[in-house]
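File shown here: query.cif, holding mmCIF, C-alpha atoms.
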data_protein
#
loop_
_atom_site.label_atom_id
_atom_site.label_comp_id
_atom_site.auth_asym_id
_atom_site.auth_seq_id
_atom_site.Cartn_x
_atom_site.Cartn_y
_atom_site.Cartn_z
CA MET A 1 -23.30 12.81 -3.56
CA TYR A 2 -23.10 9.44 -1.79
CA ASN A 3 -26.51 8.39 -3.11
CA ARG A 4 -25.60 9.49 -6.63
CA LEU A 5 -22.44 7.40 -6.51
CA VAL A 6 -24.07 4.20 -5.25
CA ASP A 7 -26.98 4.64 -7.68
CA TYR A 8 -24.48 4.88 -10.59
CA GLU A 9 -25.63 8.42 -11.36
CA ALA A 10 -22.16 9.84 -10.60
CA LYS A 11 -18.59 8.64 -11.06
CA LEU A 12 -15.57 8.72 -8.79
CA ALA A 13 -12.13 9.56 -10.22
CA VAL A 14 -8.76 8.81 -8.65
CA ILE A 15 -5.93 11.09 -9.76
CA GLY A 16 -2.56 9.35 -9.49
CA LEU A 17 -2.39 5.56 -9.70
CA GLY A 18 0.71 4.67 -7.74
CA TYR A 19 1.09 2.69 -4.51
CA VAL A 20 -1.75 4.67 -2.95
CA GLY A 21 -4.10 5.55 -5.80
CA LEU A 22 -4.43 2.22 -7.58
CA PRO A 23 -5.59 0.15 -4.56
CA ILE A 24 -8.14 2.85 -3.72
CA ALA A 25 -9.42 3.04 -7.28
CA LEU A 26 -9.82 -0.74 -7.56
CA GLU A 27 -11.63 -1.07 -4.23
CA PHE A 28 -14.12 1.66 -5.14
CA ALA A 29 -14.53 0.12 -8.60
CA LYS A 30 -15.98 -2.98 -6.98
CA LYS A 31 -18.82 -0.81 -5.63
CA ILE A 32 -19.29 2.15 -7.97
CA LYS A 33 -18.16 3.54 -11.33
CA VAL A 34 -14.55 4.72 -11.28
CA ILE A 35 -12.12 6.55 -13.55
CA GLY A 36 -8.46 5.84 -12.81
CA PHE A 37 -6.36 8.73 -14.10
CA ASP A 38 -2.58 9.02 -14.38
CA ILE A 39 -0.41 11.24 -16.55
CA ASN A 40 1.96 8.31 -17.21
CA HIS A 41 0.58 6.69 -20.36
CA GLU A 42 2.79 3.60 -20.02
CA ARG A 43 1.44 2.90 -16.54
CA ILE A 44 -2.11 3.27 -17.83
CA GLU A 45 -1.45 0.73 -20.58
CA CYS A 46 -0.12 -1.73 -17.98
CA MET A 47 -3.22 -1.34 -15.84
CA LYS A 48 -5.49 -1.85 -18.82
CA LYS A 49 -3.89 -5.30 -19.01
CA ASN A 50 -4.61 -5.92 -15.29
CA VAL A 51 -0.96 -5.37 -14.37
CA ASP A 52 0.12 -3.24 -11.40
CA PRO A 53 3.32 -1.38 -12.44
CA SER A 54 4.26 -1.12 -8.75
CA ASN A 55 4.13 -4.91 -8.32
CA GLU A 56 1.97 -4.61 -5.22
CA LEU A 57 -1.27 -6.11 -6.55
CA ASP A 58 -1.81 -9.29 -8.53
CA THR A 59 -4.21 -9.63 -11.45
CA SER A 60 -7.06 -10.83 -9.21
CA ALA A 61 -7.27 -7.33 -7.69
CA PHE A 62 -8.55 -6.04 -11.05
CA GLU A 63 -11.36 -8.59 -11.33
CA GLY A 64 -14.96 -7.39 -11.00
CA CYS A 65 -13.99 -3.73 -11.25
CA ASP A 66 -16.03 -1.10 -13.10
CA ILE A 67 -13.10 1.15 -13.95
CA LEU A 68 -11.83 3.15 -16.90
CA PHE A 69 -8.06 3.69 -16.92
CA SER A 70 -7.10 6.86 -18.73
CA SER A 71 -4.41 9.50 -19.23
CA ASN A 72 -6.85 11.72 -21.14
CA ILE A 73 -8.13 14.68 -19.13
CA GLU A 74 -11.34 14.70 -21.19
CA ASP A 75 -12.41 11.48 -19.46
CA LEU A 76 -12.31 13.25 -16.10
CA LYS A 77 -15.10 15.59 -17.13
CA THR A 78 -17.66 12.84 -16.49
CA ALA A 79 -16.59 12.42 -12.84
CA ASN A 80 -18.15 14.13 -9.84
CA PHE A 81 -16.10 12.91 -6.86
CA PHE A 82 -12.33 13.29 -7.18
CA ILE A 83 -9.64 11.70 -5.02
CA VAL A 84 -6.14 13.14 -5.45
CA ALA A 85 -3.41 10.66 -4.53
CA VAL A 86 -0.23 11.98 -6.13
CA PRO A 87 3.26 11.93 -4.54
CA THR A 88 4.48 14.76 -2.33
CA PRO A 89 8.29 14.43 -2.35
CA ILE A 90 11.03 16.75 -1.15
CA ASP A 91 13.60 18.50 -3.34
CA ASP A 92 17.40 18.39 -3.11
CA SER A 93 17.28 21.00 -0.35
CA LYS A 94 14.84 18.82 1.62
CA LEU A 95 12.01 21.29 1.15
CA PRO A 96 8.48 20.24 0.16
CA ASP A 97 8.06 19.74 -3.58
CA LEU A 98 4.39 20.45 -4.23
CA ASN A 99 4.66 20.40 -8.02
CA PRO A 100 2.86 17.04 -8.48
CA LEU A 101 0.10 18.08 -6.07
CA LEU A 102 -0.37 21.54 -7.56
CA GLY A 103 -0.31 20.04 -11.05
CA ALA A 104 -3.04 17.58 -10.05
CA SER A 105 -5.04 20.47 -8.55
CA ARG A 106 -4.83 22.33 -11.86
CA THR A 107 -6.00 19.23 -13.72
CA VAL A 108 -8.98 18.77 -11.41
CA GLY A 109 -9.75 22.48 -11.51
CA LYS A 110 -10.16 22.27 -15.29
CA VAL A 111 -12.87 19.60 -15.10
CA ILE A 112 -14.91 20.15 -11.91
CA LYS A 113 -18.50 21.34 -12.03
CA LYS A 114 -20.98 22.76 -9.53
CA GLY A 115 -21.76 20.22 -6.84
CA ASP A 116 -18.55 18.20 -7.26
CA TYR A 117 -16.38 16.90 -4.40
CA ILE A 118 -12.57 16.84 -4.23
CA VAL A 119 -10.72 14.86 -1.54
CA PHE A 120 -6.94 15.07 -1.18
CA GLU A 121 -5.01 12.05 0.14
CA SER A 122 -1.44 13.19 -0.51
CA THR A 123 0.62 13.77 2.64
CA VAL A 124 1.05 17.51 3.23
CA TYR A 125 1.71 20.00 6.01
CA PRO A 126 -1.27 21.42 7.94
CA GLY A 127 -2.93 24.12 5.88
CA CYS A 128 -1.71 22.98 2.45
CA THR A 129 -5.12 21.87 1.17
CA GLU A 130 -6.82 25.16 1.99
CA GLU A 131 -3.90 27.53 1.36
CA ASP A 132 -2.28 25.97 -1.72
CA CYS A 133 -4.70 23.61 -3.47
CA ILE A 134 -8.13 25.23 -3.13
CA PRO A 135 -7.06 28.60 -4.63
CA ILE A 136 -5.89 26.70 -7.72
CA LEU A 137 -9.19 24.83 -7.93
CA GLU A 138 -11.07 28.15 -7.79
CA GLU A 139 -8.78 29.82 -10.32
CA MET A 140 -8.92 27.02 -12.88
CA SER A 141 -12.65 26.30 -12.55
CA GLY A 142 -14.05 29.79 -12.03
CA LEU A 143 -16.13 28.25 -9.24
CA GLN A 144 -16.33 29.28 -5.59
CA TYR A 145 -15.12 27.00 -2.81
CA GLN A 146 -17.89 25.66 -0.54
CA ARG A 147 -20.65 27.40 -2.47
CA ASP A 148 -20.00 25.55 -5.77
CA PHE A 149 -17.79 22.62 -4.79
CA LYS A 150 -16.78 20.81 -1.59
CA VAL A 151 -13.32 19.76 -0.46
CA GLY A 152 -12.08 17.23 2.06
CA TYR A 153 -8.85 15.61 3.19
CA SER A 154 -8.37 11.95 4.02
CA PRO A 155 -4.73 10.92 4.53
CA GLU A 156 -3.54 7.71 2.93
CA ARG A 157 -2.38 4.90 5.18
CA ILE A 158 -1.13 2.47 2.55
CA ASN A 159 1.99 0.57 3.67
CA PRO A 160 3.86 -0.90 0.67
CA GLY A 161 4.44 -4.62 1.01
CA ASP A 162 2.05 -4.96 3.95
CA LYS A 163 -0.68 -7.51 3.22
CA GLU A 164 -2.17 -7.24 6.72
CA HIS A 165 -2.80 -3.52 7.20
CA THR A 166 -4.70 -2.81 4.00
CA LEU A 167 -7.14 -0.11 2.92
CA GLN A 168 -10.10 -2.21 4.04
CA ASN A 169 -9.01 -2.94 7.61
CA VAL A 170 -7.29 0.27 8.74
CA ILE A 171 -9.45 3.07 10.15
CA LYS A 172 -9.63 5.96 7.68
CA VAL A 173 -9.29 9.52 8.93
CA VAL A 174 -11.66 11.78 7.00
CA SER A 175 -12.42 15.50 7.07
CA GLY A 176 -14.54 17.97 5.15
CA CYS A 177 -14.95 21.69 4.67
CA CYS A 178 -18.41 21.62 6.33
CA GLU A 179 -20.74 19.22 8.13
CA GLU A 180 -22.46 18.19 4.91
CA SER A 181 -19.21 17.40 3.11
CA LEU A 182 -17.85 15.50 6.11
CA GLU A 183 -20.94 13.30 6.15
CA GLN A 184 -20.89 12.63 2.42
CA ILE A 185 -17.14 11.93 2.34
CA SER A 186 -17.39 9.63 5.37
CA LYS A 187 -20.22 7.57 3.86
CA THR A 188 -18.33 7.31 0.58
CA TYR A 189 -15.16 5.94 2.20
CA GLU A 190 -17.20 3.56 4.34
CA LEU A 191 -18.06 1.79 1.09
CA VAL A 192 -14.54 0.35 0.97
CA VAL A 193 -13.10 0.71 4.49
CA LYS A 194 -14.54 -2.06 6.65
CA ALA A 195 -12.69 -0.81 9.73
CA GLY A 196 -14.69 2.41 9.61
CA VAL A 197 -13.74 6.07 9.60
CA HIS A 198 -12.62 8.66 12.12
CA LYS A 199 -14.17 12.08 11.51
CA ALA A 200 -11.57 14.77 12.14
CA PRO A 201 -13.00 18.16 13.17
CA SER A 202 -11.19 20.03 10.38
CA ILE A 203 -9.06 19.55 7.30
CA LYS A 204 -6.01 20.92 9.14
CA VAL A 205 -6.41 18.41 11.95
CA ALA A 206 -6.54 15.54 9.44
CA GLU A 207 -3.43 16.87 7.68
CA ALA A 208 -1.59 17.18 10.99
CA ALA A 209 -2.63 13.70 12.11
CA LYS A 210 -1.02 12.15 9.04
CA ILE A 211 2.18 14.13 9.26
CA ILE A 212 2.84 13.19 12.88
CA GLU A 213 2.24 9.45 12.31
CA ASN A 214 5.47 9.18 10.35
CA THR A 215 7.29 11.86 12.34
CA GLN A 216 6.72 9.89 15.53
CA ARG A 217 8.04 6.71 13.92
CA ASP A 218 11.02 8.58 12.50
CA LEU A 219 11.98 9.85 15.95
CA ASN A 220 11.63 6.44 17.58
CA ILE A 221 13.93 4.90 14.99
CA ALA A 222 16.36 7.80 15.36
CA LEU A 223 16.62 7.06 19.10
CA ILE A 224 17.43 3.41 18.42
CA ASN A 225 19.94 4.40 15.73
CA GLU A 226 21.66 6.72 18.16
CA LEU A 227 21.73 3.97 20.77
CA SER A 228 23.31 1.73 18.13
CA LEU A 229 26.09 4.30 17.64
CA ILE A 230 26.70 4.34 21.38
CA PHE A 231 26.58 0.57 21.83
CA ASN A 232 29.02 0.09 18.96
CA LYS A 233 31.56 2.22 20.83
CA LEU A 234 30.88 0.17 23.97
CA GLU A 235 31.28 -3.06 21.99
CA ILE A 236 27.73 -4.22 22.80
CA ASN A 237 25.41 -5.75 20.21
CA THR A 238 22.37 -3.49 19.85
CA TYR A 239 20.02 -6.36 19.05
CA ASP A 240 21.07 -8.21 22.21
CA VAL A 241 20.20 -5.09 24.21
CA LEU A 242 16.86 -4.63 22.46
CA GLU A 243 15.96 -8.28 23.01
CA ALA A 244 16.61 -7.94 26.73
CA ALA A 245 14.81 -4.59 27.07
CA GLY A 246 11.91 -5.91 25.00
CA THR A 247 10.92 -8.33 27.76
CA LYS A 248 9.28 -5.37 29.55
CA TRP A 249 5.61 -5.01 28.57
CA ASN A 250 5.74 -1.31 27.69
CA PHE A 251 9.06 -1.21 25.83
CA LEU A 252 8.55 0.04 22.25
CA LYS A 253 10.08 -2.47 19.84
CA PHE A 254 11.89 -0.44 17.23
CA THR A 255 15.11 -1.56 15.55
CA PRO A 256 18.05 0.36 14.04
CA GLY A 257 18.45 0.72 10.31
CA LEU A 258 18.15 2.86 7.21
CA VAL A 259 15.16 5.20 7.09
CA GLY A 260 14.18 5.91 3.49
CA GLY A 261 11.12 5.59 1.33
CA HIS A 262 8.48 8.11 0.45
CA CYS A 263 6.97 8.49 3.93
CA ILE A 264 9.10 8.31 7.07
CA GLY A 265 12.18 9.79 5.42
CA VAL A 266 10.19 12.61 3.81
CA ASP A 267 7.11 13.61 5.82
CA PRO A 268 8.91 15.18 8.82
CA TYR A 269 10.42 17.76 6.48
CA TYR A 270 6.91 18.91 5.54
CA LEU A 271 6.12 19.53 9.19
CA THR A 272 9.40 21.28 9.99
CA HIS A 273 8.97 23.47 6.89
CA LYS A 274 5.55 24.62 8.09
CA ALA A 275 6.86 25.07 11.63
CA MET A 276 9.64 27.31 10.30
CA GLN A 277 7.06 29.42 8.44
CA ALA A 278 5.22 29.78 11.74
CA GLY A 279 8.42 30.99 13.43
CA TYR A 280 9.47 27.80 15.22
CA HIS A 281 12.58 25.71 14.64
CA ALA A 282 11.70 22.06 15.28
CA GLN A 283 14.78 20.94 17.21
CA VAL A 284 13.86 17.38 18.23
CA ILE A 285 12.41 16.44 14.84
CA MET A 286 15.42 17.81 12.93
CA SER A 287 17.85 16.08 15.28
CA GLY A 288 16.12 12.78 14.56
CA ARG A 289 16.25 13.45 10.83
CA LYS A 290 19.98 14.23 11.02
CA ILE A 291 20.71 10.93 12.74
CA ASN A 292 18.61 8.85 10.36
CA ASP A 293 19.96 10.57 7.27
CA SER A 294 23.52 9.84 8.41
CA MET A 295 23.15 6.08 8.87
CA GLY A 296 24.08 5.09 5.31
CA ALA A 297 27.39 6.93 5.50
CA TYR A 298 27.97 5.51 8.99
CA ILE A 299 27.52 1.91 7.78
CA ALA A 300 29.92 2.57 4.90
CA SER A 301 32.57 4.10 7.17
CA GLN A 302 32.33 1.17 9.58
CA THR A 303 32.80 -1.19 6.64
CA VAL A 304 35.90 0.71 5.50
CA LYS A 305 37.38 0.66 9.02
CA LYS A 306 36.90 -3.07 9.33
CA LEU A 307 38.42 -3.69 5.90
CA ILE A 308 41.50 -1.73 6.93
CA LYS A 309 41.72 -3.70 10.19
CA GLN A 310 41.69 -6.88 8.12
CA GLY A 311 44.83 -5.64 6.38
CA LYS A 312 43.09 -4.68 3.14
CA HIS A 313 44.33 -1.87 0.89
CA ILE A 314 41.08 0.05 0.65
CA GLN A 315 41.39 1.15 -3.01
CA ASP A 316 41.82 -2.49 -4.02
CA THR A 317 38.76 -3.80 -2.16
CA LYS A 318 35.49 -4.96 -3.63
CA VAL A 319 32.16 -4.84 -1.75
CA LEU A 320 28.76 -6.34 -2.54
CA ILE A 321 25.62 -4.58 -1.28
CA MET A 322 22.59 -6.87 -1.10
CA GLY A 323 19.34 -4.91 -1.27
CA ALA A 324 18.53 -1.64 -3.02
CA THR A 325 14.88 -0.96 -2.16
CA PHE A 326 13.88 1.27 0.73
CA LYS A 327 12.46 -1.65 2.74
CA GLU A 328 12.13 -5.41 2.63
CA ASN A 329 10.01 -7.35 0.14
CA VAL A 330 8.97 -4.40 -2.05
CA SER A 331 10.20 -3.11 -5.40
CA ASP A 332 9.98 0.55 -4.33
CA ILE A 333 13.36 2.30 -4.65
CA ARG A 334 12.15 5.83 -3.89
CA ASN A 335 14.48 7.64 -1.48
CA SER A 336 16.38 4.43 -0.77
CA LYS A 337 19.12 5.11 1.75
CA VAL A 338 21.06 2.09 0.50
CA LEU A 339 22.37 4.50 -2.13
CA ASP A 340 24.00 6.50 0.68
CA ILE A 341 26.11 3.44 1.52
CA LEU A 342 27.08 3.09 -2.12
CA LYS A 343 28.02 6.75 -2.53
CA GLU A 344 30.10 6.83 0.66
CA LEU A 345 32.02 3.68 -0.25
CA GLU A 346 32.77 5.15 -3.65
CA THR A 347 34.38 8.20 -2.01
CA PHE A 348 36.98 5.75 -0.65
CA GLU A 349 37.45 4.38 -4.19
CA VAL A 350 36.00 1.02 -3.17
CA SER A 351 34.67 -1.08 -6.05
CA VAL A 352 30.98 -1.71 -5.33
CA ASP A 353 28.42 -4.11 -6.78
CA ILE A 354 24.77 -3.90 -5.79
CA THR A 355 22.11 -6.58 -6.22
CA ASP A 356 18.44 -6.90 -5.31
CA THR A 357 15.80 -9.61 -5.69
CA HIS A 358 12.89 -7.15 -5.93
CA ALA A 359 14.13 -3.90 -7.50
CA ASP A 360 13.71 -3.34 -11.24
CA TYR A 361 16.98 -3.17 -13.20
CA ASN A 362 15.82 -0.46 -15.62
CA GLU A 363 14.24 1.65 -12.89
CA MET A 364 17.46 1.62 -10.84
CA LEU A 365 19.45 2.60 -13.91
CA GLN A 366 17.07 5.40 -14.83
CA GLU A 367 16.58 6.76 -11.30
CA TYR A 368 20.10 6.47 -9.90
CA GLY A 369 22.38 5.53 -12.80
CA VAL A 370 23.19 2.29 -10.98
CA GLU A 371 23.34 -1.10 -12.66
CA LEU A 372 22.06 -3.98 -10.54
CA LYS A 373 24.30 -7.02 -10.54
CA GLN A 374 22.38 -9.94 -11.99
CA ARG A 375 24.86 -12.63 -10.91
CA CYS A 376 27.20 -12.10 -7.96
CA ASP A 377 30.96 -12.64 -8.27
CA ASN A 378 33.11 -14.65 -5.86
CA ASP A 379 35.84 -12.16 -5.00
CA TYR A 380 34.26 -9.77 -2.50
CA ASP A 381 36.17 -8.45 0.47
CA ALA A 382 32.94 -7.55 2.25
CA VAL A 383 29.23 -8.14 1.81
CA ILE A 384 26.68 -5.67 3.19
CA VAL A 385 23.18 -7.13 3.59
CA ALA A 386 21.32 -3.81 3.68
CA VAL A 387 17.72 -4.96 3.19
CA ASN A 388 16.22 -8.04 4.84
CA HIS A 389 14.33 -9.41 1.84
CA LYS A 390 12.74 -12.81 2.45
CA GLU A 391 15.10 -14.36 -0.11
CA TYR A 392 18.07 -13.41 2.08
CA LEU A 393 16.75 -14.76 5.37
CA SER A 394 17.68 -18.38 4.64
CA LEU A 395 21.23 -17.69 3.46
CA ASN A 396 23.92 -19.31 5.63
CA GLU A 397 27.56 -18.60 6.38
CA MET A 398 28.75 -20.98 3.69
CA TYR A 399 26.98 -18.90 1.03
CA PHE A 400 28.82 -15.76 2.10
CA LYS A 401 32.17 -17.55 2.37
CA GLU A 402 31.79 -18.80 -1.19
CA ILE A 403 31.42 -15.27 -2.60
CA MET A 404 34.27 -13.81 -0.50
CA LYS A 405 37.77 -13.35 -1.94
CA ASP A 406 39.54 -14.96 1.02
CA ASP A 407 39.15 -15.97 4.67
CA LYS A 408 39.41 -12.33 5.75
CA GLY A 409 35.94 -11.55 4.38
CA ILE A 410 33.56 -9.34 6.35
CA LEU A 411 29.76 -9.66 6.63
CA ILE A 412 27.96 -6.42 7.46
CA ASP A 413 24.45 -7.33 8.62
CA VAL A 414 22.50 -4.06 8.82
CA LYS A 415 19.28 -5.58 10.23
CA GLY A 416 20.91 -8.26 12.39
CA ILE A 417 19.21 -11.15 10.58
CA TYR A 418 22.24 -13.48 10.88
CA ARG A 419 23.01 -12.74 14.51
CA GLY A 420 24.32 -15.88 16.21
CA LYS A 421 24.69 -17.72 12.88
CA ILE A 422 28.10 -16.43 11.72
CA HIS A 423 31.12 -18.08 13.37
CA ASN A 424 34.10 -17.83 11.02
CA LEU A 425 33.64 -14.67 9.00
CA LYS A 426 34.22 -11.25 10.53
CA TYR A 427 30.70 -10.10 11.47
CA TRP A 428 29.19 -6.74 12.37
CA SER A 429 25.65 -5.39 12.65
CA LEU A 430 24.08 -2.15 13.79
#

Here is the file; what I need is its structure written in the form of structure tokens.
Amino acid sequence: MYNRLVDYEAKLAVIGLGYVGLPIALEFAKKIKVIGFDINHERIECMKKNVDPSNELDTSAFEGCDILFSSNIEDLKTANFFIVAVPTPIDDSKLPDLNPLLGASRTVGKVIKKGDYIVFESTVYPGCTEEDCIPILEEMSGLQYQRDFKVGYSPERINPGDKEHTLQNVIKVVSGCCEESLEQISKTYELVVKAGVHKAPSIKVAEAAKIIENTQRDLNIALINELSLIFNKLEINTYDVLEAAGTKWNFLKFTPGLVGGHCIGVDPYYLTHKAMQAGYHAQVIMSGRKINDSMGAYIASQTVKKLIKQGKHIQDTKVLIMGATFKENVSDIRNSKVLDILKELETFEVSVDITDTHADYNEMLQEYGVELKQRCDNDYDAVIVAVNHKEYLSLNEMYFKEIMKDDKGILIDVKGIYRGKIHNLKYWSL
């Protein structure tokens, strides 16, 4: 398969062209023939014009690429190596929502032929590829797994907004259903991953490796968030403590904050779901999730308490939230925990405006029914800087004073970016 790809006798197709799929498709398209497939026709039309709908890649990323962008399943029939990179979200009950993945499996199953390869990149629980996806591939194609087609799993490690840890320079974990498939899949990914690959001994191991990467980070942040709750009661600034503790060589430098997005705030639920099926209740992981999921409401309640202490009648107050994306310097609003702050403040009948320098106005309105404020007012009782976008880092105390209603204004600095710089306004950070 590898030789056929590099000799232009076979094509590679990427299913799902979001934050993960598009960078992969474009990198491969610099080496071999690629079909970029997505069911969203509007996104496809953007990419045909060398525009990344996710605003992660500039037009230069599309240059020199041998790629066909399509939303037509017929175009997939000419491919022989398929990479599935669709989202794996959770539902309202925080259970895995495999609908996009299973839908993509059905699509691929309709077009694969004898000798084809399918590699899944979507984050899943251990066993999902073999137990959920492969039976669909067999059913839709009429072909037999391993005898007629090969399957592998190679977890994505794309970090939105990160220009340093890219596809090319982060080691890629790869796995296959047999020794032959592992070798062919490894050589194929080595075409675009300069850092090299790590060959996992099985598909399940590769799936598990991905799921614990984000679970480990989630738990570390949960610990710091819990410490922040404690230090607030002790009237100690968490960032001062972390700065002091961080002078030790082996201290892990995590900071408190909101834990949203499509990875850290989602992936642990895939693992705990599978653990529950296996008869084990994941106590530590779920405790960490509970803490992190509660931080938005906690920030809102602290804001309300401080407004009351300032003598404000809470139903008459007005608050500005700066930042709506799930992390700094990206336009991604998926699973943004900033919305938890908004919702909690609204339960107190606080009037809330929200603004963001990176989020898309229409996307926020469609996804959450929230209108982004284009121009801030000058009568806020409190300002919550929830996301440390680069545009906010240079703001000074005078800026915040000018948009406050009076001299009793409060600045809530979630990420502690103005620590030591605010002297007259009431100031609080996690």

From A:Gly279, A:Gly142, A:Gly36, A:Pro268, residue lying nearest A:Ile24 [only C-alpha atoms]: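 Closest candidate: A:Gly36.
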
One-decimal distance in Å that lies between atom CA of A:Val338 and atom CA of A:Lys253: 22.7 Å

At a cut-off of 6 Å, using all atoms listed in the file, what residues contact A:Ala282? Leave out same-chain residues fewer than 2 positions from it and give the result as number ranges by chain. A: 272, 284-285

Expected selection from the PyMOL selection byres ((chain A and resi 163-177) around 6), given as a PDB file with C-alpha atoms, in the coordinates of the input:
ATOM      1  CA  VAL A 151     -13.320  19.760  -0.460  1.00  0.00           C
ATOM      2  CA  GLY A 152     -12.080  17.230   2.060  1.00  0.00           C
ATOM      3  CA  TYR A 153      -8.850  15.610   3.190  1.00  0.00           C
ATOM      4  CA  SER A 154      -8.370  11.950   4.020  1.00  0.00           C
ATOM      5  CA  ASP A 162       2.050  -4.960   3.950  1.00  0.00           C
ATOM      6  CA  CYS A 178     -18.410  21.620   6.330  1.00  0.00           C
ATOM      7  CA  SER A 181     -19.210  17.400   3.110  1.00  0.00           C
ATOM      8  CA  LEU A 182     -17.850  15.500   6.110  1.00  0.00           C
ATOM      9  CA  VAL A 192     -14.540   0.350   0.970  1.00  0.00           C
ATOM     10  CA  VAL A 193     -13.100   0.710   4.490  1.00  0.00           C
ATOM     11  CA  LYS A 194     -14.540  -2.060   6.650  1.00  0.00           C
ATOM     12  CA  ALA A 195     -12.690  -0.810   9.730  1.00  0.00           C
ATOM     13  CA  GLY A 196     -14.690   2.410   9.610  1.00  0.00           C
ATOM     14  CA  VAL A 197     -13.740   6.070   9.600  1.00  0.00           C
ATOM     15  CA  HIS A 198     -12.620   8.660  12.120  1.00  0.00           C
ATOM     16  CA  LYS A 199     -14.170  12.080  11.510  1.00  0.00           C
ATOM     17  CA  ALA A 200     -11.570  14.770  12.140  1.00  0.00           C
ATOM     18  CA  SER A 202     -11.190  20.030  10.380  1.00  0.00           C
ATOM     19  CA  ILE A 203      -9.060  19.550   7.300  1.00  0.00           C
TER      20      ILE A 203
END

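For the choices A:Asp381, A:Glu56, A:Glu180, A:Asp97, the atom-to-atom distance to A:His358 is smallest for A:Glu56 when using only C-alpha atoms.
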
Under the rule that all atoms listed in the file are counted, which of A:His389, A:Lys274, A:Lys31, A:Lys337 is the nearest residue to A:Leu5? A:Lys31

So that I can see what lies close to stretch 310-318 of chain A, please list as a PyMOL selection string the residues with an atom at most 7 Å from it, counting only C-alpha atoms and leaving out residues fewer than 6 positions away in the same chain. chain A and resi 348-352+380-382+408

Atom-to-atom span, atom CA of A:Arg157 and atom CA of A:Arg334, Å: 17.2 Å

Taking the file as I've supplied it (selection: the PyMOL selection byres ((chain A and resi 412-418) around 6)), which residues are included? Please answer as a PDB file with C-alpha atoms, keeping the file's coordinate frame.
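Below is the file out.pdb, written as the result:
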ATOM      1  CA  ILE A 384      26.680  -5.670   3.190  1.00  0.00           C
ATOM      2  CA  VAL A 385      23.180  -7.130   3.590  1.00  0.00           C
ATOM      3  CA  ALA A 386      21.320  -3.810   3.680  1.00  0.00           C
ATOM      4  CA  LEU A 411      29.760  -9.660   6.630  1.00  0.00           C
ATOM      5  CA  ARG A 419      23.010 -12.740  14.510  1.00  0.00           C
ATOM      6  CA  LYS A 421      24.690 -17.720  12.880  1.00  0.00           C
ATOM      7  CA  TRP A 428      29.190  -6.740  12.370  1.00  0.00           C
ATOM      8  CA  SER A 429      25.650  -5.390  12.650  1.00  0.00           C
ATOM      9  CA  LEU A 430      24.080  -2.150  13.790  1.00  0.00           C
TER      10      LEU A 430
END

Min atom-atom distance to A:Ile185 from the set A:Arg147, A:Ser294, A:Lys426, A:Asp116, counting only C-alpha atoms, belongs to A:Asp116

What do you get, as a list in words, if you spell out every residue that the PyMOL selection byres ((chain A and resi 120-127) around 7) selects here?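 This file gives the following for the PyMOL selection byres ((chain A and resi 120-127) around 7): Ile83, Val84, Ala85, Val86, Pro87, Thr88, Ile118, Val119, Cys128, Thr129, Glu130, Glu131, Gly152, Tyr153, Ser154, Pro155, Glu156, Lys204, Glu207, Ala208, Lys210, Ile211, Tyr270, Leu271 and Lys274 of chain A.
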
Compile the contact shell of A:Glu402 as a PDB file with C-alpha atoms, keeping the file's coordinate frame: residues with an atom at most 12 Å away, counting all atoms listed in the file, same-chain residues fewer than 2 positions apart removed.
ATOM      1  CA  CYS A 376      27.200 -12.100  -7.960  1.00  0.00           C
ATOM      2  CA  ASP A 377      30.960 -12.640  -8.270  1.00  0.00           C
ATOM      3  CA  ASN A 378      33.110 -14.650  -5.860  1.00  0.00           C
ATOM      4  CA  ASP A 379      35.840 -12.160  -5.000  1.00  0.00           C
ATOM      5  CA  TYR A 380      34.260  -9.770  -2.500  1.00  0.00           C
ATOM      6  CA  ASP A 381      36.170  -8.450   0.470  1.00  0.00           C
ATOM      7  CA  ALA A 382      32.940  -7.550   2.250  1.00  0.00           C
ATOM      8  CA  VAL A 383      29.230  -8.140   1.810  1.00  0.00           C
ATOM      9  CA  LEU A 395      21.230 -17.690   3.460  1.00  0.00           C
ATOM     10  CA  ASN A 396      23.920 -19.310   5.630  1.00  0.00           C
ATOM     11  CA  GLU A 397      27.560 -18.600   6.380  1.00  0.00           C
ATOM     12  CA  MET A 398      28.750 -20.980   3.690  1.00  0.00           C
ATOM     13  CA  TYR A 399      26.980 -18.900   1.030  1.00  0.00           C
ATOM     14  CA  PHE A 400      28.820 -15.760   2.100  1.00  0.00           C
ATOM     15  CA  MET A 404      34.270 -13.810  -0.500  1.00  0.00           C
ATOM     16  CA  LYS A 405      37.770 -13.350  -1.940  1.00  0.00           C
ATOM     17  CA  ASP A 406      39.540 -14.960   1.020  1.00  0.00           C
ATOM     18  CA  ASP A 407      39.150 -15.970   4.670  1.00  0.00           C
ATOM     19  CA  GLY A 409      35.940 -11.550   4.380  1.00  0.00           C
ATOM     20  CA  LEU A 425      33.640 -14.670   9.000  1.00  0.00           C
TER      21      LEU A 425
END
